[in-house]
Amino acid sequence: MKLIAAWLIVLAPLFCQDSVESPNIRRIMQEERDHSEVSETIRYLTEAIGPRLTGSREFEAAARWARARMIASGLDSVDIQTWGPFGRRWSAKKYFLEAFIPEYMNLAGVPLAWSGPTKGRISADAIVAPLDPQFPEDPKLLREALVVYRAKWHGQLRNKVILLSSPPAIQRSTDPSFKRYTDAQLTMMAQFKLVPTRTDLRSVDDIAWPAEASAKSKLVSTLSPALRRQLAAYVDGFIADRAALLASEGVAGVLVTDGRAHDGAVFAEAAGAFKCDSVLAPPTFALQSEQYNRIFRAVSDRRAVRVVLELDSVLSKGDVQGWNVIGEIRGREFPEEIIMVGAHLDSWHAGTGATDNAAGSAIVMEAMRLLSVLHLKLKRTVRVALWGGEEQGLLGSRAYVARNFPPGVPASEKLLGYFNVDGGGGRIRGISVQELEPMRALFERWVKPLYDIGAKVVTSYPHGGSDQYSFTSAGLPGFYFVQDPLDYEHITHHSSVDTLEHILTDDLQQAAIVVAAVAYQAANDDDLTLRK
């Protein structure tokens, strides 16, 4: 009852709007308030299925369930589309981790994806042998670091547990870990000016890299799509080569951490390459910084530290197919013209992938349900995509764009806009037009009916780290929804606590309304020409 009352208060001002779009937008709001299914959707994805690593059985179960769910909502042509061989199937079936320093220490660790199994419980001495350059980094330095490491440690690592990370300092911040954008911040965001893309560079080897990490990140934001892909390939190659080097030296296991992993949270991504033609990484565990630093200090003080570990990981013998889930509501007048909304369905494995990105998947599925069950008239087709492989380099969306919208093909001219949701589950506060600054006035018209539920900013602030980038880097119109960060940036992103406890249902409901309303207006706007 309290939730319904709160929504009545939030939505009441909007019911007084008299814009052309408002009657159907009011219907969207009413349907979401009275019959929302977004909470049920995200609960099933996170609790019944759990983490959804690309290529895993859990991801495939989520894709099949989402397909059935969208068919039940009345969408057309809902299908699972493969996008080619992905790599190894991997999931952690069982694992165990403890240490003696020399007193007993139970370790709160999580195995990194694509770690090899231990074939039973093993016990080995720990050794400090760090090799953890901070990214982004000059590719030349990455290559040199591997050469130096091999020369220094050859023959000394066999049957050892390696502490691979330098001990991170625990960062103390006076900023709140849970945030919503203020009106002042939204105003600054609306006034943001894009930094021009560098056109003077042909290779990442031509880049003069600054020393400071913040300057490096700023430089990366100015690189062209081709150079960003090149840089990502170098980083992936370094991680794969590092794993192969450790495996060749006979390492028994690897412990890592990073500056995010403090106050009990553990952040876990990949130990090495997921491709079947790459050497499998040794058993690798991520620890929270406090525990990792304690072990590091003990080993550095020449105390005998013994680590006991076990990892039973499920691996496929060959490549498995990558999947996307695609569905649509067919337009009545111009069905060949397409508006797309999407989110990635895959996640990392330490938590249940609630904020990254079951939230985005639930939001776009709910938005499509709203458009479908209300039988709203749509001139153009509205298509939804749940992507696989986003966490491994936007693989699913990149393959979809290459297959369906290649340059120079007439079908590419029919995609009028792709809108992405991957901001952690907070309320949507607006839209980024990215490089398409001339579309600002049109987008401002679309968000105007949504001011009273908090969506009010149109910005050019760039966000290259999610699936809209697959579209923009191919010259197609791609946009993303700006969401309140909540605790996504500092606590849940890729962490062991990315669970349902960090989901706010009313935020998901608001976001579903905004996505549905924007898609509805885009599908019916006579002035829509979202082309570069």
# chains A, B, ... in the order shown; residues from 1 in each chain; ligands from 1
call {"tool": "residues_around", "arguments": {"residues": "Ile122 in chain A", "least_positions_apart": "6", "cutoff": "7 Å", "atoms": "only C-alpha atoms", "output": "list in words"}}
result
Val308, Leu309 and Glu310 of chain A
call {"tool": "write_last_selection", "arguments": {"atoms": "C-alpha atoms", "output": "PDB file, in the first residue's frame"}}
result
ATOM      1  CA  VAL A 308      45.066 -24.546   0.750  1.00  0.00           C
ATOM      2  CA  LEU A 309      42.767 -24.302  -2.240  1.00  0.00           C
ATOM      3  CA  GLU A 310      40.380 -26.295  -4.363  1.00  0.00           C
TER       4      GLU A 310
END
call {"tool": "closest_atom_pairs", "arguments": {"of": "range 285-385 of chain A", "to": "range 104-119 of chain A", "cutoff": "8 Å", "atoms": "only C-alpha atoms", "output": "CSV"}}
result
residue,atom,partner,partner_atom,distance
A:Phe285,CA,A:Pro111,CA,4.1
A:Ala286,CA,A:Val110,CA,5.3
A:Leu287,CA,A:Gly109,CA,4.5
A:Gln288,CA,A:Ala108,CA,6.9
A:Gln291,CA,A:Leu107,CA,7.1
A:Leu309,CA,A:Thr118,CA,7.9
A:Glu310,CA,A:Thr118,CA,5.7
A:Leu311,CA,A:Pro117,CA,5.1
A:Asp312,CA,A:Pro117,CA,5.2
A:Ser313,CA,A:Pro117,CA,5.4
A:His349,CA,A:Ala113,CA,7.6
A:Ala350,CA,A:Val110,CA,6.3
call {"tool": "write_last_selection", "arguments": {"atoms": "all heavy atoms", "output": "tab-separated table (two decimals), in the first residue's frame"}}
result
chain	number	residue	atom	x	y	z
A	285	PHE	N	42.27	-16.95	-7.65
A	285	PHE	CA	41.23	-16.48	-6.74
A	285	PHE	C	41.44	-15.00	-6.45
A	285	PHE	O	42.56	-14.55	-6.21
A	285	PHE	CB	41.28	-17.25	-5.42
A	285	PHE	CG	40.74	-18.65	-5.49
A	285	PHE	CD1	41.53	-19.67	-5.99
A	285	PHE	CD2	39.46	-18.93	-5.08
A	285	PHE	CE1	41.05	-20.97	-6.06
A	285	PHE	CE2	38.96	-20.22	-5.14
A	285	PHE	CZ	39.76	-21.25	-5.64
A	286	ALA	N	40.34	-14.25	-6.46
A	286	ALA	CA	40.34	-12.85	-6.02
A	286	ALA	C	39.98	-12.80	-4.54
A	286	ALA	O	39.04	-13.48	-4.10
A	286	ALA	CB	39.36	-12.03	-6.84
A	287	LEU	N	40.70	-11.99	-3.79
A	287	LEU	CA	40.44	-11.81	-2.36
A	287	LEU	C	40.07	-10.37	-2.06
A	287	LEU	O	40.40	-9.46	-2.83
A	287	LEU	CB	41.69	-12.15	-1.53
A	287	LEU	CG	42.29	-13.54	-1.62
A	287	LEU	CD1	43.48	-13.65	-0.67
A	287	LEU	CD2	41.26	-14.60	-1.29
A	288	GLN	N	39.40	-10.16	-0.93
A	288	GLN	CA	39.22	-8.79	-0.46
A	288	GLN	C	40.57	-8.25	-0.02
A	288	GLN	O	41.46	-8.99	0.41
A	288	GLN	CB	38.22	-8.75	0.69
A	288	GLN	CG	38.57	-9.61	1.88
A	288	GLN	CD	37.44	-9.67	2.87
A	288	GLN	OE1	36.31	-9.30	2.57
A	288	GLN	NE2	37.72	-10.11	4.08
A	291	GLN	N	42.34	-9.05	3.52
A	291	GLN	CA	42.92	-10.37	3.68
A	291	GLN	C	44.16	-10.54	2.80
A	291	GLN	O	45.18	-11.09	3.23
A	291	GLN	CB	41.88	-11.44	3.33
A	291	GLN	CG	40.79	-11.59	4.37
A	291	GLN	CD	39.93	-12.80	4.12
A	291	GLN	OE1	39.72	-13.22	2.98
A	291	GLN	NE2	39.42	-13.40	5.19
A	309	LEU	N	43.82	-24.71	-1.31
A	309	LEU	CA	42.77	-24.30	-2.24
A	309	LEU	C	42.25	-25.48	-3.04
A	309	LEU	O	42.93	-26.50	-3.22
A	309	LEU	CB	43.25	-23.19	-3.17
A	309	LEU	CG	44.50	-23.41	-4.02
A	309	LEU	CD1	44.14	-24.04	-5.34
A	309	LEU	CD2	45.21	-22.09	-4.25
A	310	GLU	N	41.03	-25.31	-3.50
A	310	GLU	CA	40.38	-26.29	-4.36
A	310	GLU	C	39.44	-25.56	-5.29
A	310	GLU	O	38.74	-24.63	-4.89
A	310	GLU	CB	39.60	-27.32	-3.54
A	310	GLU	CG	38.89	-28.37	-4.37
A	310	GLU	CD	38.10	-29.37	-3.54
A	310	GLU	OE1	38.00	-29.16	-2.31
A	310	GLU	OE2	37.59	-30.34	-4.11
A	311	LEU	N	39.43	-25.96	-6.54
A	311	LEU	CA	38.50	-25.39	-7.51
A	311	LEU	C	38.03	-26.49	-8.45
A	311	LEU	O	38.83	-27.11	-9.16
A	311	LEU	CB	39.16	-24.27	-8.32
A	311	LEU	CG	38.35	-23.69	-9.48
A	311	LEU	CD1	37.00	-23.15	-8.99
A	311	LEU	CD2	39.13	-22.61	-10.21
A	312	ASP	N	36.74	-26.73	-8.42
A	312	ASP	CA	36.11	-27.65	-9.37
A	312	ASP	C	35.34	-26.79	-10.36
A	312	ASP	O	34.25	-26.30	-10.04
A	312	ASP	CB	35.18	-28.61	-8.62
A	312	ASP	CG	34.57	-29.66	-9.55
A	312	ASP	OD1	34.91	-29.65	-10.75
A	312	ASP	OD2	33.75	-30.46	-9.07
A	313	SER	N	35.92	-26.55	-11.51
A	313	SER	CA	35.29	-25.69	-12.51
A	313	SER	C	34.79	-26.52	-13.68
A	313	SER	O	35.44	-27.48	-14.11
A	313	SER	CB	36.27	-24.62	-13.01
A	313	SER	OG	37.48	-25.20	-13.45
A	349	HIS	N	30.40	-13.44	-12.28
A	349	HIS	CA	29.95	-14.60	-11.54
A	349	HIS	C	30.10	-14.51	-10.03
A	349	HIS	O	29.64	-15.40	-9.32
A	349	HIS	CB	30.75	-15.82	-12.01
A	349	HIS	CG	32.24	-15.61	-11.87
A	349	HIS	ND1	32.93	-14.74	-12.68
A	349	HIS	CD2	33.15	-16.11	-10.99
A	349	HIS	CE1	34.21	-14.73	-12.32
A	349	HIS	NE2	34.36	-15.55	-11.30
A	350	ALA	N	30.73	-13.44	-9.50
A	350	ALA	CA	30.95	-13.37	-8.06
A	350	ALA	C	29.64	-13.19	-7.30
A	350	ALA	O	29.45	-13.78	-6.23
A	350	ALA	CB	31.91	-12.23	-7.73
call {"tool": "closest_residue", "arguments": {"among": "A:Gln483, A:Asn293, A:Ser224, A:Ser496", "to": "Gly360 in chain A", "atoms": "only C-alpha atoms"}}
result
A:Gln483
call {"tool": "select_by_dssp", "arguments": {"residues": "range 255-454 of chain A", "states": "strand (DSSP E)", "output": "PyMOL selection string"}}
result
chain A and resi 255-256+284-286+306-315+320-329+334-344+380-387+415-420+428-432
call {"tool": "write_last_selection", "arguments": {"atoms": "C-alpha atoms", "output": "compact mmCIF listing (two decimals), in the first residue's frame"}}
result
# COMPACT_ATOMS: atom_id res chain seq x y z
CA LEU A 255 45.87 -14.90 -5.55
CA VAL A 256 44.92 -11.39 -6.70
CA THR A 284 43.12 -18.01 -9.67
CA PHE A 285 41.23 -16.48 -6.74
CA ALA A 286 40.34 -12.85 -6.02
CA ARG A 306 50.71 -21.97 3.30
CA VAL A 307 47.58 -21.74 1.17
CA VAL A 308 45.07 -24.55 0.75
CA LEU A 309 42.77 -24.30 -2.24
CA GLU A 310 40.38 -26.29 -4.36
CA LEU A 311 38.50 -25.39 -7.51
CA ASP A 312 36.11 -27.65 -9.37
CA SER A 313 35.29 -25.69 -12.51
CA VAL A 314 33.00 -26.83 -15.30
CA LEU A 315 34.67 -26.47 -18.69
CA VAL A 320 30.16 -22.84 -27.39
CA GLN A 321 27.90 -20.50 -29.33
CA GLY A 322 27.26 -16.94 -28.22
CA TRP A 323 23.60 -15.95 -27.89
CA ASN A 324 21.46 -12.81 -28.18
CA VAL A 325 17.72 -12.69 -27.50
CA ILE A 326 15.85 -10.52 -30.01
CA GLY A 327 12.14 -9.64 -30.12
CA GLU A 328 9.97 -6.84 -31.48
CA ILE A 329 6.61 -5.17 -31.76
CA PHE A 334 6.69 1.81 -41.48
CA PRO A 335 7.58 -1.65 -40.16
CA GLU A 336 10.94 -1.58 -41.93
CA GLU A 337 12.02 1.43 -39.83
CA ILE A 338 13.39 0.29 -36.48
CA ILE A 339 13.77 1.74 -33.00
CA MET A 340 15.82 -0.52 -30.73
CA VAL A 341 16.14 -0.76 -26.96
CA GLY A 342 18.54 -3.14 -25.30
CA ALA A 343 20.61 -4.29 -22.34
CA HIS A 344 23.15 -7.02 -21.78
CA ARG A 380 7.63 2.03 -36.61
CA THR A 381 8.90 -1.30 -35.31
CA VAL A 382 10.26 -1.31 -31.76
CA ARG A 383 12.85 -4.04 -31.31
CA VAL A 384 14.44 -5.27 -28.08
CA ALA A 385 17.80 -6.99 -27.65
CA LEU A 386 19.26 -8.84 -24.68
CA TRP A 387 22.93 -9.15 -25.49
CA LEU A 415 17.83 1.72 -37.95
CA LEU A 416 16.71 5.06 -36.57
CA GLY A 417 18.12 4.68 -33.07
CA TYR A 418 19.40 2.22 -30.48
CA PHE A 419 18.85 3.05 -26.77
CA ASN A 420 20.93 1.20 -24.17
CA ILE A 428 16.63 7.18 -15.45
CA ARG A 429 17.43 10.89 -15.29
CA GLY A 430 17.79 11.52 -19.02
CA ILE A 431 19.43 10.48 -22.29
CA SER A 432 22.87 10.95 -23.77
call {"tool": "residues_around", "arguments": {"residues": "Leu476 in chain A", "least_positions_apart": "3", "cutoff": "10 Å", "atoms": "only C-alpha atoms", "output": "JSON, numbers by chain"}}
result
{"A": [401, 405, 406, 407, 412, 413, 415, 416, 417, 418, 468, 469, 470, 471, 472, 473, 479, 530, 531, 532]}
call {"tool": "select_by_dssp", "arguments": {"residues": "range 47-262 of chain A", "states": "helix (DSSP H, G or I)", "output": "number ranges by chain"}}
result
A: 47-49, 57-72, 139-153, 183-190, 204-206, 213-220, 225-248
call {"tool": "residues_around", "arguments": {"residues": "Ile207 in chain A", "least_positions_apart": "2", "cutoff": "12 Å", "atoms": "only C-alpha atoms", "output": "JSON, numbers by chain"}}
result
{"A": [137, 138, 139, 140, 198, 199, 200, 201, 202, 203, 204, 205, 209, 210, 216, 219, 220, 222, 223, 227, 228, 231]}
call {"tool": "write_last_selection", "arguments": {"atoms": "N, CA and C atoms", "output": "short mmCIF file (atom, residue, chain, number, x, y, z; two decimals), in the first residue's frame"}}
result
data_model
loop_
_atom_site.label_atom_id
_atom_site.label_comp_id
_atom_site.auth_asym_id
_atom_site.auth_seq_id
_atom_site.Cartn_x
_atom_site.Cartn_y
_atom_site.Cartn_z
N GLU A 137 47.20 1.12 -20.19
CA GLU A 137 48.65 1.16 -20.14
C GLU A 137 49.22 1.12 -21.56
N ASP A 138 50.40 1.66 -21.70
CA ASP A 138 51.12 1.63 -22.97
C ASP A 138 51.38 0.17 -23.35
N PRO A 139 50.90 -0.29 -24.51
CA PRO A 139 51.12 -1.69 -24.91
C PRO A 139 52.59 -2.09 -24.92
N LYS A 140 53.47 -1.16 -25.24
CA LYS A 140 54.90 -1.48 -25.25
C LYS A 140 55.36 -1.87 -23.84
N ARG A 198 40.56 12.04 -31.48
CA ARG A 198 41.89 12.21 -32.08
C ARG A 198 41.88 11.61 -33.48
N THR A 199 42.29 12.38 -34.46
CA THR A 199 42.37 11.90 -35.84
C THR A 199 43.81 11.78 -36.32
N ASP A 200 44.76 12.07 -35.44
CA ASP A 200 46.18 12.08 -35.83
C ASP A 200 46.89 10.78 -35.50
N LEU A 201 46.17 9.79 -34.99
CA LEU A 201 46.79 8.54 -34.56
C LEU A 201 46.26 7.37 -35.41
N ARG A 202 47.17 6.53 -35.86
CA ARG A 202 46.78 5.36 -36.64
C ARG A 202 46.94 4.07 -35.86
N SER A 203 47.78 4.08 -34.84
CA SER A 203 48.04 2.89 -34.04
C SER A 203 48.24 3.30 -32.60
N VAL A 204 47.90 2.40 -31.66
CA VAL A 204 48.12 2.71 -30.26
C VAL A 204 49.62 2.79 -29.96
N ASP A 205 50.44 2.20 -30.81
CA ASP A 205 51.88 2.31 -30.62
C ASP A 205 52.38 3.73 -30.91
N TRP A 209 52.04 8.17 -24.10
CA TRP A 209 51.22 7.94 -22.93
C TRP A 209 51.67 8.80 -21.76
N PRO A 210 50.73 9.50 -21.10
CA PRO A 210 51.08 10.27 -19.90
C PRO A 210 51.35 9.33 -18.73
N LYS A 216 45.71 9.11 -18.45
CA LYS A 216 45.61 8.00 -19.39
C LYS A 216 44.15 7.72 -19.75
N LEU A 219 42.85 10.35 -22.03
CA LEU A 219 43.37 10.16 -23.38
C LEU A 219 42.58 9.08 -24.11
N VAL A 220 42.29 7.96 -23.43
CA VAL A 220 41.55 6.87 -24.05
C VAL A 220 40.18 7.33 -24.53
N THR A 222 39.42 9.95 -25.93
CA THR A 222 39.51 10.70 -27.19
C THR A 222 39.88 9.82 -28.37
N LEU A 223 40.12 8.53 -28.14
CA LEU A 223 40.57 7.65 -29.22
C LEU A 223 39.40 7.24 -30.11
N LEU A 227 40.94 2.46 -32.63
CA LEU A 227 42.05 2.45 -31.70
C LEU A 227 41.64 1.88 -30.34
N ARG A 228 40.41 2.13 -29.93
CA ARG A 228 39.95 1.55 -28.66
C ARG A 228 39.90 0.03 -28.76
N LEU A 231 43.43 -1.21 -28.57
CA LEU A 231 43.94 -1.17 -27.20
C LEU A 231 43.35 -2.31 -26.37
#
call {"tool": "closest_residue", "arguments": {"among": "A:Gly250, A:Asp132, A:Tyr292, A:Met188", "to": "Arg158 in chain A", "atoms": "only C-alpha atoms"}}
result
A:Gly250
call {"tool": "residues_around", "arguments": {"residues": "Glu32 in chain A", "least_positions_apart": "4", "cutoff": "8 Å", "atoms": "only C-alpha atoms", "output": "ChimeraX atom specification"}}
result
/A:28,36-37,370,509,513
call {"tool": "write_last_selection", "arguments": {"atoms": "C-alpha atoms", "output": "mmCIF file, in the first residue's frame"}}
result
data_model
loop_
_atom_site.group_PDB
_atom_site.id
_atom_site.type_symbol
_atom_site.label_atom_id
_atom_site.label_comp_id
_atom_site.auth_asym_id
_atom_site.auth_seq_id
_atom_site.Cartn_x
_atom_site.Cartn_y
_atom_site.Cartn_z
ATOM 1 C CA ILE A 28 1.983 3.431 -19.571
ATOM 2 C CA SER A 36 4.164 -4.195 -12.859
ATOM 3 C CA GLU A 37 6.113 -7.389 -13.534
ATOM 4 C CA LEU A 370 4.016 -2.151 -21.408
ATOM 5 C CA GLN A 509 9.500 0.829 -12.427
ATOM 6 C CA ILE A 513 8.186 3.831 -17.840
#
